[in-house]
Amino acid sequence: MERKNKSTKFIFITGGVLSSLGKGLAAASIGALLKARGLKVTIQKLDPYINVDPGTMNPFQHGEVYVTDDGAETDLDLGHYERYLEISMGKHNNYTSGSIYYQVIKKERRGDYLGGTVQVIPHITDQIKEAIFSVVRNNEDVAIIEIGGTVGDIEGQPFLEAIRQLRYDLGKENVLYIHLTLVPYIKTAGELKTKPTQHSVKELRSIGIQPDIILCRSEMELDESIKKKIALFCNVDPDAVFSAVDVDNIYKVPLAFYKEGIDQKIAIMLRLPAKNPDLSRWSRLVEKLNSLKPGPKIAIVGKYVNLKESYKSLHEALIHGGIANGVHPQLLYVNSEELTVDNVEEKLKDVHGILVPGGFGYRGVEGKILACKYARENKIPFFGICLGMQCAVIEFAKNVLKLESANSSEFDPETPHPVIYLMREWYDVQKKCIQRRDPNSDKGGTMRLGAYPCVIKENTKTFEAYKQTLIYERHRHRYEFNKKYAEDFEKNGMMLTGLSPDKNLVEIIELKDHPWYIGCQFHPEFKSRPMDPHPLFVDFIKEAKLLMKNSTKD
Ligand code: GLN
């Protein structure tokens, strides 16, 4: 297994005890700190599940599908990576067991293994190593590789075996293992307990990986005696055991890690040419976070409301928009399936902004359309994203253009007024594009995925937000606005303020006689960062804040 770049150092992050300890955030925060030390950093997530990508998983199962510029459908941790490291992710930043096995099986069918028996070791593990090396694209100093799941999971074993081998392939000085565990506080005993960490490290060592650093997630800081105990039982230096204490805001993690000295220890252990870190931007962000005032109430009307992770980037983008406006918005998740003509008033009357997010399938659409109508008629700031924009278009067609049976052909293939439809020509072009990018793709290229250009009309609220005419935003959808109805919409007050450069695709709509009513066919939330908030989210929160101010005056 040859790697192209010989000087990149690899940091492997594994997790133990249980999931949801914030391994992605820890990986992203370590990356941010190393970047602040002047190092060139890249980062990758390896997911043990068998799906070839998370695109086919229901958000209820695995949370949001994060879309990159190059159109990869990836794990939501890549969103954290972009938000913390401020670098664009792509398809090389995320592999799953499914994608690894898929490659190996394709090679086997092609006869690449020439009569050999294809096995987990070395064929799958070699493919994993190739995937790991593929993330180093620009002579990065450090590549951080996060292994999904928890040590001990059956699916994760080939990944752990591959990273075990890499220490021997690349040399000790080039590889560092960090293990994240939980140190629970047991109230009845009044103590922090180290046993789960000991067991988890034992499990890791039984497969040949000795962690160099142990990161202990806990409610409170670990004192020296606990650190020493963990060090002794887990065979690491006492100054390589760190607390990862709960913080009230996820953007405080990098500075908390810095205070612990984690990045310094990494730099020493890997002999990295690291400067003193410049953390001024992170400190400024934390200062802002500490001074946020209670903000407007925003209703997010969707159907995946029971699992917060389903709207991860959206949630974060709203928080970023709040930071830019000095407020912490109150986010109220409203189940669109439960919204009816009879209760819409009661559920939405106190909110200062309504956001209808993306989604697939008919379930819950009626409630989303009601929310669009309520926002339009009551002049409440409204933001429709992807399916949210499509619902706003359907609502406008039904109630303003009086096309009562208007619909998306996704929900009613027979509708006489498919204001949202599957654009045949587009669909065919797209299929060719995807196959050109990946000749082996058999997904059939049914979705418009990744970054596409959009031209914004001046003298619109959309332009006021973006302050530029050419933008690139990320898409993930099949259906489009039907331009056959364009004139009718514009004449009646729904402006088409963002179009594809060839003017064939409607990317943004906006209502004329409304304080702020914007819908976009793309997902702006994927590009929002805490230190570079997305302009549409900034302006949406600004308008909602204004409404809050005006309504408290009344
Ligand atoms: N279901 C719609 C489509 O495929 C919207 C998708 C989305 O919101 N991401 O066009």
# chains A, B, ... in the order shown; residues from 1 in each chain; ligands from 1
$ residues_near_ligand --ligand "ligand 1" --cutoff "10 Å" --atoms "only C-alpha atoms and all ligand atoms" --output "number ranges by chain"
A: 65, 356-362, 384-391, 408-411, 420-422, 446-449, 475-481, 520-523
$ select_by_dssp --residues "segment 240-332 of chain A" --states "strand (DSSP E or B)" --output "PyMOL selection string"
chain A and resi 241-245+293-302+327-332
$ write_last_selection --atoms "N, CA and C atoms" --output "tab-separated table (two decimals), in the first residue's frame"
chain	number	residue	atom	x	y	z
A	241	VAL	N	-3.79	12.08	29.58
A	241	VAL	CA	-5.21	11.85	29.91
A	241	VAL	C	-5.85	13.23	30.08
A	242	PHE	N	-6.88	13.49	29.32
A	242	PHE	CA	-7.49	14.83	29.34
A	242	PHE	C	-8.98	14.76	29.65
A	243	SER	N	-9.47	15.82	30.28
A	243	SER	CA	-10.92	15.92	30.50
A	243	SER	C	-11.54	16.59	29.27
A	244	ALA	N	-12.67	16.05	28.86
A	244	ALA	CA	-13.49	16.75	27.86
A	244	ALA	C	-14.80	17.04	28.57
A	245	VAL	N	-14.81	18.16	29.26
A	245	VAL	CA	-15.94	18.49	30.13
A	245	VAL	C	-17.10	19.04	29.30
A	293	LYS	N	-28.27	37.74	23.72
A	293	LYS	CA	-29.54	38.01	24.43
A	293	LYS	C	-30.57	37.00	23.95
A	294	PRO	N	-31.62	36.77	24.74
A	294	PRO	CA	-32.67	35.86	24.25
A	294	PRO	C	-33.24	36.39	22.93
A	295	GLY	N	-33.37	35.52	21.96
A	295	GLY	CA	-33.76	35.96	20.62
A	295	GLY	C	-35.16	35.57	20.23
A	296	PRO	N	-35.49	35.83	18.96
A	296	PRO	CA	-36.85	35.53	18.48
A	296	PRO	C	-37.17	34.04	18.51
A	297	LYS	N	-38.47	33.80	18.56
A	297	LYS	CA	-38.95	32.41	18.57
A	297	LYS	C	-39.13	31.98	17.12
A	298	ILE	N	-38.42	30.92	16.73
A	298	ILE	CA	-38.50	30.45	15.35
A	298	ILE	C	-39.14	29.06	15.34
A	299	ALA	N	-40.22	28.93	14.55
A	299	ALA	CA	-40.84	27.61	14.42
A	299	ALA	C	-40.24	26.90	13.22
A	300	ILE	N	-39.76	25.68	13.44
A	300	ILE	CA	-39.26	24.85	12.34
A	300	ILE	C	-40.32	23.79	12.11
A	301	VAL	N	-41.01	23.94	10.98
A	301	VAL	CA	-42.15	23.06	10.74
A	301	VAL	C	-41.74	21.93	9.80
A	302	GLY	N	-41.46	20.77	10.39
A	302	GLY	CA	-40.99	19.64	9.58
A	302	GLY	C	-41.49	18.34	10.15
A	327	VAL	N	-28.14	37.56	19.22
A	327	VAL	CA	-29.22	36.88	19.96
A	327	VAL	C	-29.10	35.36	19.87
A	328	HIS	N	-29.76	34.72	20.81
A	328	HIS	CA	-29.84	33.26	20.76
A	328	HIS	C	-31.30	32.92	20.43
A	329	PRO	N	-31.59	32.56	19.16
A	329	PRO	CA	-32.99	32.30	18.82
A	329	PRO	C	-33.55	31.10	19.58
A	330	GLN	N	-34.83	31.18	19.91
A	330	GLN	CA	-35.47	30.02	20.56
A	330	GLN	C	-36.04	29.16	19.44
A	331	LEU	N	-35.52	27.97	19.32
A	331	LEU	CA	-35.95	27.12	18.21
A	331	LEU	C	-37.04	26.15	18.67
A	332	LEU	N	-38.16	26.25	17.98
A	332	LEU	CA	-39.33	25.48	18.36
A	332	LEU	C	-39.63	24.50	17.23
$ closest_residue --among "A:Lys347, A:Asp237, A:His62, A:Tyr304" --to "Arg363 of chain A" --atoms "only C-alpha atoms"
A:Tyr304
$ select_by_dssp --residues "segment 111-341 of chain A" --states "alpha helix (DSSP H)" --output "ChimeraX atom specification"
/A:125-133,157-170,195-206,224-234,253-260,262-269,280-290,312-324
$ atom_distance --atom1 "atom CA of Leu370 of chain A" --atom2 "atom CA of Phe383 of chain A"
13.8 Å
$ closest_residue --among "A:Thr188, A:Ser134, A:Asn235, A:Thr340" --to "Val201 of chain A" --atoms "only C-alpha atoms"
A:Asn235
$ closest_residue --among "A:Val41, A:Ile508, A:Leu314, A:Leu546" --to "Glu140 of chain A" --atoms "only C-alpha atoms"
A:Val41
$ residues_around --residues "Pro530 of chain A" --least-positions-apart "5" --cutoff "10 Å" --atoms "only C-alpha atoms" --output "PyMOL selection string"
chain A and resi 83-84+86+251+282+285+316-324
$ write_last_selection --atoms "N, CA and C atoms" --output "tab-separated table (two decimals), in the first residue's frame"
chain	number	residue	atom	x	y	z
A	83	ARG	N	-17.65	23.38	9.66
A	83	ARG	CA	-17.92	24.52	10.53
A	83	ARG	C	-16.73	24.88	11.41
A	84	TYR	N	-15.97	23.88	11.83
A	84	TYR	CA	-14.84	24.15	12.73
A	84	TYR	C	-13.54	24.39	11.97
A	86	GLU	N	-13.31	25.16	8.69
A	86	GLU	CA	-13.52	26.12	7.61
A	86	GLU	C	-12.79	25.68	6.34
A	251	TYR	N	-19.47	25.44	20.39
A	251	TYR	CA	-18.33	26.21	19.84
A	251	TYR	C	-17.33	26.61	20.93
A	282	TRP	N	-11.50	32.38	17.67
A	282	TRP	CA	-12.31	31.52	18.54
A	282	TRP	C	-12.65	32.25	19.85
A	285	LEU	N	-15.38	34.63	19.19
A	285	LEU	CA	-16.66	33.90	19.04
A	285	LEU	C	-17.23	33.57	20.42
A	316	GLU	N	-27.76	24.61	13.43
A	316	GLU	CA	-26.53	25.38	13.62
A	316	GLU	C	-26.59	26.70	12.84
A	317	ALA	N	-27.10	26.63	11.59
A	317	ALA	CA	-27.15	27.85	10.77
A	317	ALA	C	-28.04	28.91	11.43
A	318	LEU	N	-29.13	28.48	12.07
A	318	LEU	CA	-29.99	29.44	12.77
A	318	LEU	C	-29.25	30.05	13.96
A	319	ILE	N	-28.48	29.22	14.64
A	319	ILE	CA	-27.68	29.73	15.76
A	319	ILE	C	-26.65	30.74	15.23
A	320	HIS	N	-26.02	30.42	14.09
A	320	HIS	CA	-25.03	31.35	13.50
A	320	HIS	C	-25.70	32.68	13.14
A	321	GLY	N	-26.89	32.58	12.53
A	321	GLY	CA	-27.63	33.79	12.17
A	321	GLY	C	-27.90	34.60	13.43
A	322	GLY	N	-28.19	33.91	14.53
A	322	GLY	CA	-28.43	34.56	15.81
A	322	GLY	C	-27.16	35.26	16.31
A	323	ILE	N	-26.03	34.57	16.22
A	323	ILE	CA	-24.77	35.15	16.70
A	323	ILE	C	-24.51	36.48	15.97
A	324	ALA	N	-24.75	36.48	14.65
A	324	ALA	CA	-24.52	37.70	13.87
A	324	ALA	C	-25.43	38.83	14.33
$ closest_residue --among "A:Ala451, A:Lys308, A:Lys303, A:Thr497" --to "Val334 of chain A" --atoms "only C-alpha atoms"
A:Lys303
$ closest_residue --among "A:Asn58, A:Gln264, A:Asn94, A:Ser225" --to "Ala240 of chain A" --atoms "only C-alpha atoms"
A:Gln264
$ closest_residue --among "A:Ile43, A:Leu499, A:Met531, A:Val253" --to "Val142 of chain A" --atoms "only C-alpha atoms"
A:Ile43
$ atom_distance --atom1 "atom CA of Met57 of chain A" --atom2 "atom CA of Pro158 of chain A"
22.2 Å
$ residues_around --residues "Glu191 of chain A" --least-positions-apart "4" --cutoff "12 Å" --atoms "only C-alpha atoms" --output "VMD selection string"
chain A and resid 183 to 187 195 218 to 223 226
